[in-house]
Every structure is written in C-alpha cells, then in structure tokens.
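Have a look at run-v2.pdb below; it lists PDB, C-alpha atoms.
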ATOM      1  CA  MET A 170     -11.187  15.435 -34.933
ATOM      2  CA  ALA A 171      -9.434  16.068 -31.618
ATOM      3  CA  ILE A 172      -5.839  17.241 -31.731
ATOM      4  CA  HIS A 173      -3.324  14.695 -30.457
ATOM      5  CA  GLU A 174      -1.179  17.017 -28.345
ATOM      6  CA  GLY A 175       1.583  14.468 -27.925
ATOM      7  CA  GLU A 176       2.042  14.260 -31.696
ATOM      8  CA  LEU A 177       1.930  18.045 -31.892
ATOM      9  CA  LEU A 178       4.657  18.254 -29.242
ATOM     10  CA  LYS A 179       6.751  15.708 -31.134
ATOM     11  CA  GLU A 180       6.565  17.727 -34.355
ATOM     12  CA  TRP A 181       7.443  20.934 -32.503
ATOM     13  CA  VAL A 182      10.439  19.359 -30.737
ATOM     14  CA  ASN A 183      11.753  17.971 -34.058
ATOM     15  CA  LYS A 184      11.675  21.501 -35.500
ATOM     16  CA  HIS A 185      13.304  23.299 -32.585
ATOM     17  CA  TYR A 186      15.685  20.818 -30.934
ATOM     18  CA  ARG A 187      18.353  18.411 -32.109
ATOM     19  CA  ASN A 188      16.841  15.526 -30.176
ATOM     20  CA  ILE A 189      14.450  14.609 -27.381
ATOM     21  CA  ALA A 190      17.196  14.533 -24.762
ATOM     22  CA  GLU A 191      18.126  18.159 -25.484
ATOM     23  CA  PHE A 192      14.492  19.233 -25.112
ATOM     24  CA  GLY A 193      14.156  17.245 -21.876
ATOM     25  CA  LYS A 194      17.222  19.020 -20.494
ATOM     26  CA  ALA A 195      15.655  22.380 -21.314
ATOM     27  CA  CYS A 196      12.499  21.316 -19.437
ATOM     28  CA  GLY A 197      14.424  19.904 -16.486
ATOM     29  CA  VAL A 198      13.062  16.377 -17.028
ATOM     30  CA  TYR A 199      14.444  13.101 -18.295
ATOM     31  CA  ARG A 200      14.196  11.860 -21.880
ATOM     32  CA  ASN A 201      11.751   9.084 -20.974
ATOM     33  CA  THR A 202       9.373  11.644 -19.471
ATOM     34  CA  VAL A 203       9.308  13.554 -22.777
ATOM     35  CA  VAL A 204       8.657  10.304 -24.657
ATOM     36  CA  TYR A 205       5.700   9.709 -22.327
ATOM     37  CA  TRP A 206       4.336  13.187 -23.087
ATOM     38  CA  MET A 207       4.598  12.503 -26.804
ATOM     39  CA  ASN A 208       2.367   9.441 -26.388
ATOM     40  CA  CYS A 209      -0.347  11.383 -24.536
ATOM     41  CA  GLU A 210      -3.433  12.575 -26.426
ATOM     42  CA  THR A 211      -3.675  15.402 -23.884
ATOM     43  CA  LEU A 212      -0.517  16.765 -22.270
ATOM     44  CA  PRO A 213      -0.308  16.643 -18.447
ATOM     45  CA  THR A 214      -2.176  19.514 -16.782
ATOM     46  CA  GLU A 215       0.704  20.473 -14.499
ATOM     47  CA  ARG A 216       3.037  20.863 -17.498
ATOM     48  CA  ARG A 217       0.811  22.661 -19.992
ATOM     49  CA  TRP A 218       1.685  26.230 -19.071
ATOM     50  CA  MET A 219       5.418  25.506 -19.005
ATOM     51  CA  LEU A 220       5.238  23.922 -22.469
ATOM     52  CA  LYS A 221       3.155  26.802 -23.807
ATOM     53  CA  GLU A 222       5.690  29.288 -22.456
ATOM     54  CA  MET A 223       8.424  27.414 -24.305
ATOM     55  CA  GLY A 224       6.484  27.876 -27.542
ATOM     56  CA  VAL A 225       4.545  24.634 -27.950
ATOM     57  CA  PRO A 226       1.287  25.674 -29.742
ATOM     58  CA  ILE A 227      -1.250  24.432 -27.173
ATOM     59  CA  GLN A 228      -3.978  26.120 -25.149
ATOM     60  CA  ALA A 229      -3.190  26.543 -21.454
ATOM     61  CA  GLU A 230      -4.283  28.846 -18.662
ATOM     62  CA  GLU A 231      -1.581  30.466 -16.556
ATOM     63  CA  PRO A 232      -1.588  28.885 -13.087
ATOM     64  CA  ILE A 233      -2.368  31.066 -10.094
ATOM     65  CA  LEU A 234       0.659  30.712  -7.857
ATOM     66  CA  THR A 235       1.457  32.337  -4.523
ATOM     67  CA  GLY A 236       4.311  32.288  -2.070
ATOM     68  CA  GLU A 237       8.080  32.232  -2.348
ATOM     69  CA  GLY A 238       8.113  29.696  -5.173
ATOM     70  CA  ASN A 239       6.149  32.110  -7.322
ATOM     71  CA  MET A 240       8.517  34.952  -6.346
ATOM     72  CA  LEU A 241      11.423  32.886  -7.605
ATOM     73  CA  LYS A 242       9.629  31.969 -10.824
ATOM     74  CA  GLN A 243       8.744  35.597 -11.570
ATOM     75  CA  TYR A 244      12.303  36.738 -10.821
ATOM     76  CA  LEU A 245      13.843  34.209 -13.222
ATOM     77  CA  ARG A 246      11.229  34.833 -15.928
ATOM     78  CA  GLU A 247      11.667  38.609 -15.877
ATOM     79  CA  ARG A 248      15.432  38.264 -16.298
ATOM     80  CA  GLY A 249      15.318  35.496 -18.884
ATOM     81  CA  ILE A 250      17.184  33.048 -16.653
ATOM     82  CA  SER A 251      16.455  29.398 -17.474
ATOM     83  CA  ASN A 252      16.017  26.639 -14.901
ATOM     84  CA  THR A 253      19.018  24.871 -16.412
ATOM     85  CA  ASP A 254      21.304  27.900 -16.005
ATOM     86  CA  ILE A 255      20.409  28.463 -12.359
ATOM     87  CA  ALA A 256      20.604  24.718 -11.599
ATOM     88  CA  LYS A 257      24.178  24.597 -12.954
ATOM     89  CA  LYS A 258      25.217  27.402 -10.621
ATOM     90  CA  LEU A 259      23.717  25.532  -7.659
ATOM     91  CA  ASN A 260      25.032  22.139  -8.861
ATOM     92  CA  ILE A 261      21.573  20.537  -8.719
ATOM     93  CA  ASP A 262      19.097  19.112 -11.260
ATOM     94  CA  ALA A 263      16.921  21.602 -13.163
ATOM     95  CA  GLN A 264      13.891  19.616 -11.949
ATOM     96  CA  ASN A 265      14.641  20.835  -8.403
ATOM     97  CA  ILE A 266      14.145  24.426  -9.552
ATOM     98  CA  THR A 267      10.848  23.542 -11.270
ATOM     99  CA  ASN A 268       9.613  21.842  -8.096
ATOM    100  CA  MET A 269      10.330  24.974  -6.034
ATOM    101  CA  PHE A 270       7.921  27.092  -8.088
ATOM    102  CA  ASN A 271       4.892  25.464  -6.380
ATOM    103  CA  ARG A 272       6.172  25.881  -2.823
ATOM    104  CA  ALA A 273       4.734  28.401  -0.417
ATOM    105  CA  VAL A 274       8.059  28.502   1.419
ATOM    106  CA  ILE A 275      11.529  27.727   0.093
ATOM    107  CA  SER A 276      13.873  26.181   2.654
ATOM    108  CA  SER A 277      16.393  28.444   4.396
ATOM    109  CA  ARG A 278      19.213  26.296   3.046
ATOM    110  CA  PHE A 279      18.270  27.048  -0.549
ATOM    111  CA  LYS A 280      17.575  30.708   0.240
ATOM    112  CA  GLU A 281      21.146  31.015   1.432
ATOM    113  CA  ARG A 282      22.461  29.304  -1.689
ATOM    114  CA  PHE A 283      20.400  31.629  -3.895
ATOM    115  CA  LYS A 284      21.800  34.599  -1.977
ATOM    116  CA  GLN A 285      25.349  33.373  -2.587
ATOM    117  CA  ILE A 286      24.816  33.514  -6.358
ATOM    118  CA  GLY A 287      23.182  36.932  -6.259
ATOM    119  CA  ILE A 288      19.469  36.128  -5.872
ATOM    120  CA  ASP A 289      18.483  37.857  -2.644
ATOM    121  CA  ILE A 290      14.718  38.282  -3.051
ATOM    122  CA  PHE A 291      13.323  36.625   0.075
ATOM    123  CA  VAL A 292      12.440  38.549   3.247
ATOM    124  CA  THR A 293      14.705  37.474   6.095
ATOM    125  CA  ASP A 294      14.362  40.532   8.380
ATOM    126  CA  LYS A 295      12.649  39.376  11.564
ATOM    127  CA  ASN A 296      11.328  42.898  12.123
ATOM    128  CA  ALA A 297       9.671  43.061   8.696
ATOM    129  CA  ASN A 298       5.892  43.314   8.467
ATOM    130  CA  VAL A 299       4.703  39.720   8.257
ATOM    131  CA  SER A 300       1.057  40.256   9.239
ATOM    132  CA  ASN A 301      -0.111  38.748   5.954
ATOM    133  CA  VAL A 302       2.385  35.892   5.900
ATOM    134  CA  VAL A 303       1.569  32.401   7.147
ATOM    135  CA  ALA A 304       4.613  30.927   8.860
ATOM    136  CA  LEU A 305       5.469  27.440   7.628
ATOM    137  CA  PRO A 306       8.346  25.231   8.781
ATOM    138  CA  ASP A 307      11.384  24.829   6.552
ATOM    139  CA  LEU A 308      11.492  21.619   4.586
ATOM    140  CA  ASP A 309      14.208  19.164   5.565
ATOM    141  CA  GLU A 310      16.408  18.765   2.488
ATOM    142  CA  ASN A 311      17.363  15.265   3.664
ATOM    143  CA  LYS A 312      13.773  14.152   3.089
ATOM    144  CA  PHE A 313      13.842  14.718  -0.663
ATOM    145  CA  THR A 314      14.269  11.485  -2.596
ATOM    146  CA  ARG A 315      14.107  10.295  -6.193
ATOM    147  CA  SER A 316      11.241   8.036  -7.196
ATOM    148  CA  ARG A 317      10.947   6.119 -10.478
ATOM    149  CA  ILE A 318       7.583   6.550 -12.204
ATOM    150  CA  VAL A 319       5.581   3.622 -13.579
ATOM    151  CA  HIS A 320       3.084   5.109 -16.031
ATOM    152  CA  ALA A 321      -0.100   3.272 -17.003
ATOM    153  CA  GLN A 322       1.326   2.357 -20.404
ATOM    154  CA  SER A 323       4.278   0.691 -18.613
ATOM    155  CA  TYR A 324       2.223  -1.746 -16.524
ATOM    156  CA  ALA A 325       2.883  -4.769 -18.734
ATOM    157  CA  GLY A 326       6.568  -3.966 -19.098
ATOM    158  CA  TYR A 327       6.932  -3.433 -15.366
ATOM    159  CA  LEU A 328       5.557  -6.915 -14.662
ATOM    160  CA  GLN A 329       8.350  -8.355 -16.780
ATOM    161  CA  GLY A 330      11.104  -5.932 -15.819
ATOM    162  CA  HIS A 331      10.448  -5.097 -12.153
ATOM    163  CA  ASN A 332      13.483  -7.136 -11.119
ATOM    164  CA  ASP A 333      15.725  -5.863 -13.925
ATOM    165  CA  ASN A 334      17.840  -2.941 -12.731
ATOM    166  CA  ASN A 335      18.501  -1.762 -16.302
ATOM    167  CA  TYR A 336      14.758  -1.579 -16.947
ATOM    168  CA  ILE A 337      14.110   0.311 -13.699
ATOM    169  CA  MET A 338      16.906   2.804 -14.364
ATOM    170  CA  ASN A 339      15.314   3.677 -17.713
ATOM    171  CA  LEU A 340      11.975   4.602 -16.137
ATOM    172  CA  PRO A 341      11.313   8.353 -15.795
ATOM    173  CA  GLU A 342      11.765   9.757 -12.305
ATOM    174  CA  HIS A 343      10.922  12.778 -10.193
ATOM    175  CA  ILE A 344      11.835  14.138  -6.796
ATOM    176  CA  ILE A 345       9.382  13.728  -3.928
ATOM    177  CA  TYR A 346       9.294  14.848  -0.287
ATOM    178  CA  VAL A 347       8.710  12.038   2.232
ATOM    179  CA  ASP A 348       8.608  11.740   6.002
ATOM    180  CA  GLU A 349      10.877   8.727   6.365
ATOM    181  CA  SER A 350      13.688   6.970   4.552
ATOM    182  CA  GLY A 351      13.077   3.917   2.390
ATOM    183  CA  LYS A 352      12.635   2.754  -1.182
ATOM    184  CA  TYR A 353       9.913   4.639  -3.044
ATOM    185  CA  ARG A 354       8.165   4.258  -6.384
ATOM    186  CA  THR A 355       5.458   6.330  -8.080
ATOM    187  CA  PHE A 356       2.561   4.669  -9.896
ATOM    188  CA  GLU A 357       0.010   6.175 -12.254
ATOM    189  CA  VAL A 358      -3.564   5.132 -11.473
ATOM    190  CA  LYS A 359      -5.165   3.295 -14.386
ATOM    191  CA  GLY A 360      -8.924   3.037 -14.869
ATOM    192  CA  ASP A 361     -11.827   4.239 -12.730
ATOM    193  CA  SER A 362     -11.899   1.591  -9.996
ATOM    194  CA  MET A 363     -10.423   3.979  -7.406
ATOM    195  CA  GLU A 364     -12.520   7.021  -8.280
ATOM    196  CA  PRO A 365     -13.389   9.593  -7.110
ATOM    197  CA  GLU A 366     -10.436   9.955  -4.733
ATOM    198  CA  PHE A 367      -7.912   8.466  -7.165
ATOM    199  CA  PRO A 368      -8.950   9.312 -10.739
ATOM    200  CA  SER A 369      -7.297   7.644 -13.692
ATOM    201  CA  GLY A 370      -4.032   9.389 -14.491
ATOM    202  CA  CYS A 371      -3.190  10.668 -11.016
ATOM    203  CA  LEU A 372       0.114   9.652  -9.452
ATOM    204  CA  VAL A 373       0.606   7.941  -6.098
ATOM    205  CA  ASP A 374       3.888   7.625  -4.239
ATOM    206  CA  ALA A 375       4.395   4.368  -2.384
ATOM    207  CA  LYS A 376       7.027   2.861  -0.103
ATOM    208  CA  SER A 377       8.326  -0.668  -0.563
ATOM    209  CA  LEU A 378       6.963  -3.144   1.975
ATOM    210  CA  ASP A 379       9.468  -5.886   2.758
ATOM    211  CA  PRO A 380       8.043  -9.456   2.532
ATOM    212  CA  VAL A 381       8.770  -9.968   6.239
ATOM    213  CA  HIS A 382       5.900  -7.537   6.894
ATOM    214  CA  TRP A 383       3.406  -9.261   4.603
ATOM    215  CA  LYS A 384       2.073 -11.384   7.465
ATOM    216  CA  LYS A 385      -0.126  -8.576   8.730
ATOM    217  CA  PHE A 386      -1.674  -5.954   6.460
ATOM    218  CA  HIS A 387      -3.578  -2.968   7.839
ATOM    219  CA  PRO A 388      -7.246  -3.262   6.759
ATOM    220  CA  GLY A 389      -8.534  -0.119   5.088
ATOM    221  CA  HIS A 390      -5.145   1.060   3.888
ATOM    222  CA  ILE A 391      -4.121   1.415   0.263
ATOM    223  CA  PHE A 392      -1.423  -0.758  -1.255
ATOM    224  CA  VAL A 393       0.156  -1.122  -4.674
ATOM    225  CA  ILE A 394       0.575  -4.821  -5.385
ATOM    226  CA  LEU A 395       2.418  -6.460  -8.276
ATOM    227  CA  HIS A 396       0.618  -9.757  -8.923
ATOM    228  CA  ASN A 397       2.129 -12.340 -11.268
ATOM    229  CA  GLU A 398      -1.179 -12.775 -13.158
ATOM    230  CA  LYS A 399      -3.220  -9.618 -12.529
ATOM    231  CA  GLY A 400      -0.300  -7.219 -12.921
ATOM    232  CA  LEU A 401      -0.257  -3.955 -10.983
ATOM    233  CA  LEU A 402      -3.126  -3.414  -8.541
ATOM    234  CA  ILE A 403      -3.797  -0.229  -6.570
ATOM    235  CA  LYS A 404      -6.429  -1.246  -4.019
ATOM    236  CA  LEU A 405      -7.692  -1.077  -0.470
ATOM    237  CA  VAL A 406      -7.023  -4.131   1.665
ATOM    238  CA  LYS A 407     -10.377  -5.075   3.165
ATOM    239  CA  SER A 408      -9.181  -8.079   5.162
ATOM    240  CA  GLN A 409      -6.489 -10.741   5.449
ATOM    241  CA  HIS A 410      -6.767 -14.428   6.367
ATOM    242  CA  ASP A 411      -3.365 -16.100   6.443
ATOM    243  CA  ASP A 412      -1.911 -15.447   2.966
ATOM    244  CA  ILE A 413      -5.245 -14.488   1.350
ATOM    245  CA  LEU A 414      -5.986 -10.795   0.867
ATOM    246  CA  THR A 415      -9.447  -9.450   0.078
ATOM    247  CA  LEU A 416      -9.071  -6.310  -2.017
ATOM    248  CA  ARG A 417     -11.627  -3.558  -2.478
ATOM    249  CA  SER A 418     -12.031  -0.685  -4.942
ATOM    250  CA  ILE A 419     -13.298   2.737  -3.857
ATOM    251  CA  ASN A 420     -15.694   2.777  -6.811
ATOM    252  CA  ASP A 421     -18.729   0.735  -5.664
ATOM    253  CA  TYR A 422     -19.277  -0.540  -9.203
ATOM    254  CA  TYR A 423     -16.426  -3.019  -8.714
ATOM    255  CA  GLU A 424     -16.729  -6.102  -6.538
ATOM    256  CA  ASP A 425     -14.234  -7.252  -3.921
ATOM    257  CA  PHE A 426     -11.864 -10.034  -4.913
ATOM    258  CA  GLU A 427      -9.221 -12.231  -3.342
ATOM    259  CA  ILE A 428      -5.563 -12.818  -4.151
ATOM    260  CA  SER A 429      -2.890 -15.004  -2.590
ATOM    261  CA  LEU A 430       0.294 -13.438  -1.290
ATOM    262  CA  LYS A 431       2.123 -16.403  -2.798
ATOM    263  CA  ASP A 432       1.357 -14.890  -6.207
ATOM    264  CA  CYS A 433       2.593 -11.403  -5.292
ATOM    265  CA  LEU A 434       5.969 -10.162  -6.502
ATOM    266  CA  GLU A 435       6.059  -6.737  -4.861
ATOM    267  CA  VAL A 436       3.996  -4.796  -2.332
ATOM    268  CA  TRP A 437       4.169  -1.019  -1.868
ATOM    269  CA  TYR A 438       2.514   0.925   0.967
ATOM    270  CA  PHE A 439       0.620   4.032  -0.179
ATOM    271  CA  VAL A 440       2.276   7.197   1.147
ATOM    272  CA  GLN A 441       0.816  10.166  -0.702
ATOM    273  CA  LYS A 442      -1.147  11.276  -3.722
ATOM    274  CA  HIS A 443      -0.080  14.344  -5.589
ATOM    275  CA  ASP A 444      -2.193  17.379  -4.677
ATOM    276  CA  THR A 445      -3.793  15.716  -1.649
ATOM    277  CA  ASN A 446      -4.243  16.941   1.918
ATOM    278  CA  ARG A 447      -3.008  13.543   3.103
ATOM    279  CA  ASN A 448      -6.158  12.899   5.147
ATOM    280  CA  TYR A 449      -6.389   9.114   4.993
ATOM    281  CA  SER A 450      -9.019   8.582   7.694
ATOM    282  CA  LYS A 451     -11.873   8.416   5.187
ATOM    283  CA  TYR A 452     -10.323   5.290   3.634
ATOM    284  CA  LEU A 453     -10.438   3.258   6.851
ATOM    285  CA  PHE A 454     -13.082   0.630   7.510
ATOM    286  CA  ARG A 455     -14.736   0.852  10.914
TER
END
Rendering of file as structure tokens:
Amino acid sequence: MAIHEGELLKEWVNKHYRNIAEFGKACGVYRNTVVYWMNCETLPTERRWMLKEMGVPIQAEEPILTGEGNMLKQYLRERGISNTDIAKKLNIDAQNITNMFNRAVISSRFKERFKQIGIDIFVTDKNANVSNVVALPDLDENKFTRSRIVHAQSYAGYLQGHNDNNYIMNLPEHIIYVDESGKYRTFEVKGDSMEPEFPSGCLVDAKSLDPVHWKKFHPGHIFVILHNEKGLLIKLVKSQHDDILTLRSINDYYEDFEISLKDCLEVWYFVQKHDTNRNYSKYLFR
C-alpha cells in the first residue's frame, strides 16, 4: 500500500510543532499551503528536499542548484541560519528568502541589504575573473507581486467564493515575478486535457482580463475562464463569434466545445507556467 505522504507530514508536524501555523512559519509559507500539503498523497516535488531537511521522513533527492541563490542557501545552511531569522533582519517574508535559492542572480538591491547585515558573499569587484559567469540583468524588485493560489481541490469552492474577499484572502499565496502591473492569480491545472505542455498539477500564473476586453479574444492564446456551470477552465481559445468562444484542449483526445461569454464570471489571461521558457509561439494557430 502506497504511503500517503500528506498524512505522514501531518503526523510529523503534530509531534514537532504546536500547530500548523507555527510549522508554516518555519517553512516560510502560509498555513493554508501546509493544509494543502497534508491533503496530498505525494508531496510537491519542489518542496520535498526542504521538508526532508527539516526532518520529515520522506525520500527526496537533493536538487542540483547553481548560481548566487545556491551560494546564499549554502551560506545559511552551513551557519545554521533559518530563513525566518534572516527574513526578520531584512523585514521581509521568509518566502522571499526561499524564492531566492533558485535564482542564478540575486538583485543588487538585495545584495546590498545582505551586506548591511553582515552577509557579504557575492562578487562585486568589476576586475574579478568572470570568464565562467553568465551576466544576467538584475531583477526589478517592483515587479514582484503576490498571487493567490487556486488548487485543484479548491475549484468548486472558488466558483462559489470568487467574489467573496474573505474567501480569497484565505487562499494560499506565493510571490511571482511579472513584466507588468495588474491583478494576478495562480491556478493549478487539473486533469490531462492540456498535456503534455501543461500536466495535471502544474501551476499557471494569469492576469485578470477586464470584461471591457472580452469583445475580442486572441485566437491560439491560453485563458483561464470561470464559467457559471462548467467551473474553472484552462483552455486555448480557438475562435470567437460575437459572445461565443470555441475552446480547445492541447490533448487531441478532447473535442472542441463552445461557451457563451454571458455565462462567464471571470477571465484570466495566461502569463507564465512555472519552470517554462515562456515560448508561447507553439500554442498559436496559423
């Protein structure tokens, strides 16, 4: 019988922490995110090594990381400094520190802040040997934004609570990097209709599309649509005739179907998929 890792995590947290919120704080995530983990048969891939390092008895391979984010992670690990401790000194969320670990380059603004609290580990000498370093532009800190996450198990609840601010504020959230300002939300792909590019369980970030722009959709682009009968749909728009949209799945097993914009409650424009090269040209119809 397969081990239910979420249940295993729940038992471990009950033994080592006073409550879920305390454990979430130690991880640098919100309580609702931990609750989601506890309902998963298999814990999220990107979190497995972190949880194993904390002591959760699961199997996980150490990720191969490179760049300045890895330098920071190694520095903190070797000195026993937690994400929470360093985040307090910088007056930011612990999740920000976790996000930095996967970056090839940490922004100059944060490098300076690290230096101010005694962490001066990044090469800043312009005359240093950089023959093996790939120069990347600094990230604009103003382009980081918080995005609420709608997991697959929350689809039904989201249909009922999408317009309830209390419901939305209780959804888990994460910090994403985007190219333009706006209202963003992150949706977990459910099912195999968008495979292979969007497998079940992957997360997509999307920007809210105001109803004034619903008159003309871009064929071949991906949208997240909240339909009052069909619920949440993550699909390609094949065509539009007046207020009728023809939607298409990437998986050829599924047939195209039509919906009326009159029955749509929300529309979100696909921006990025986690761990993607952001090459959208292959999704366009010619």
- Give as a VMD selection string each residue that has an atom at most 9 Å from (0.7, 10.6, -5.9) in the file, counting only C-alpha atoms. chain A and resid 355 to 358 367 371 to 375 439 to 445
- Query: In Å, how far is it from atom CA of A:Glu366 to atom CA of A:Ile419?
  - Reply: 7.8 Å
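Counting all atoms listed in the file, the residue from A:Ile394, A:Ile286, A:Val347, A:Leu177 that sits nearest to A:Pro226 is A:Leu177.
Nearest-residue note for A:Leu220: choosing from A:Pro388, A:Gly175, A:Thr253, A:Arg417, the minimum distance belongs to A:Gly175, counting all atoms listed in the file.
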- Return the single residue from A:Ile288, A:Leu416, A:Ala325, A:Val436 that is closest to A:Lys352, with distances computed using only C-alpha atoms. A:Val436
- Item | Selection result of the PyMOL selection byres ((chain A and resi 258) around 12) on this file, as a PyMOL selection string | chain A and resi 250-257+259-263+266+282-288
- Message: I'd like the contact shell of A:Ile172 - 10 Å cut-off, only C-alpha atoms, skipping same-chain residues fewer than 2 positions apart - returned as a list in words.
- Response: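 In the requested form, the answer reads Met170, Glu174, Gly175, Glu176, Leu177, Glu210, Thr211 and Ile227 of chain A.
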- Query: So how far away is atom CA of A:Asp412 from atom CA of A:Glu427, in Å?
  - Reply: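 Result for atom CA of A:Glu427 versus atom CA of A:Asp412: 10.2 Å, one decimal.
Atom CA of A:Ala321 is positioned 14.1 Å from atom CA of A:Met363.
Distances here use all atoms listed in the file; by that measure, the residue among A:Ile189, A:Phe392, A:Leu401, A:His343 closest to A:Gly326 is A:Leu401.
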Convert the output of the PyMOL selection byres ((chain A and resi 422) around 12) on the shown file into explicit residues, formatted as an mmCIF file with C-alpha atoms, keeping the file's coordinate frame.
data_model
loop_
_atom_site.group_PDB
_atom_site.id
_atom_site.type_symbol
_atom_site.label_atom_id
_atom_site.label_comp_id
_atom_site.auth_asym_id
_atom_site.auth_seq_id
_atom_site.Cartn_x
_atom_site.Cartn_y
_atom_site.Cartn_z
ATOM 1 C CA ASP A 361 -11.827 4.239 -12.730
ATOM 2 C CA SER A 362 -11.899 1.591 -9.996
ATOM 3 C CA MET A 363 -10.423 3.979 -7.406
ATOM 4 C CA GLU A 364 -12.520 7.021 -8.280
ATOM 5 C CA PRO A 365 -13.389 9.593 -7.110
ATOM 6 C CA ARG A 417 -11.627 -3.558 -2.478
ATOM 7 C CA SER A 418 -12.031 -0.685 -4.942
ATOM 8 C CA ILE A 419 -13.298 2.737 -3.857
ATOM 9 C CA ASN A 420 -15.694 2.777 -6.811
ATOM 10 C CA ASP A 421 -18.729 0.735 -5.664
ATOM 11 C CA TYR A 423 -16.426 -3.019 -8.714
ATOM 12 C CA GLU A 424 -16.729 -6.102 -6.538
ATOM 13 C CA ASP A 425 -14.234 -7.252 -3.921
#
- Message: Expand the PyMOL selection byres ((chain A and resi 319) around 9) into the explicit residue set it covers here, and present it as a PyMOL selection string.
- Response: chain A and resi 317-318+320-324+327+340-342+354-357
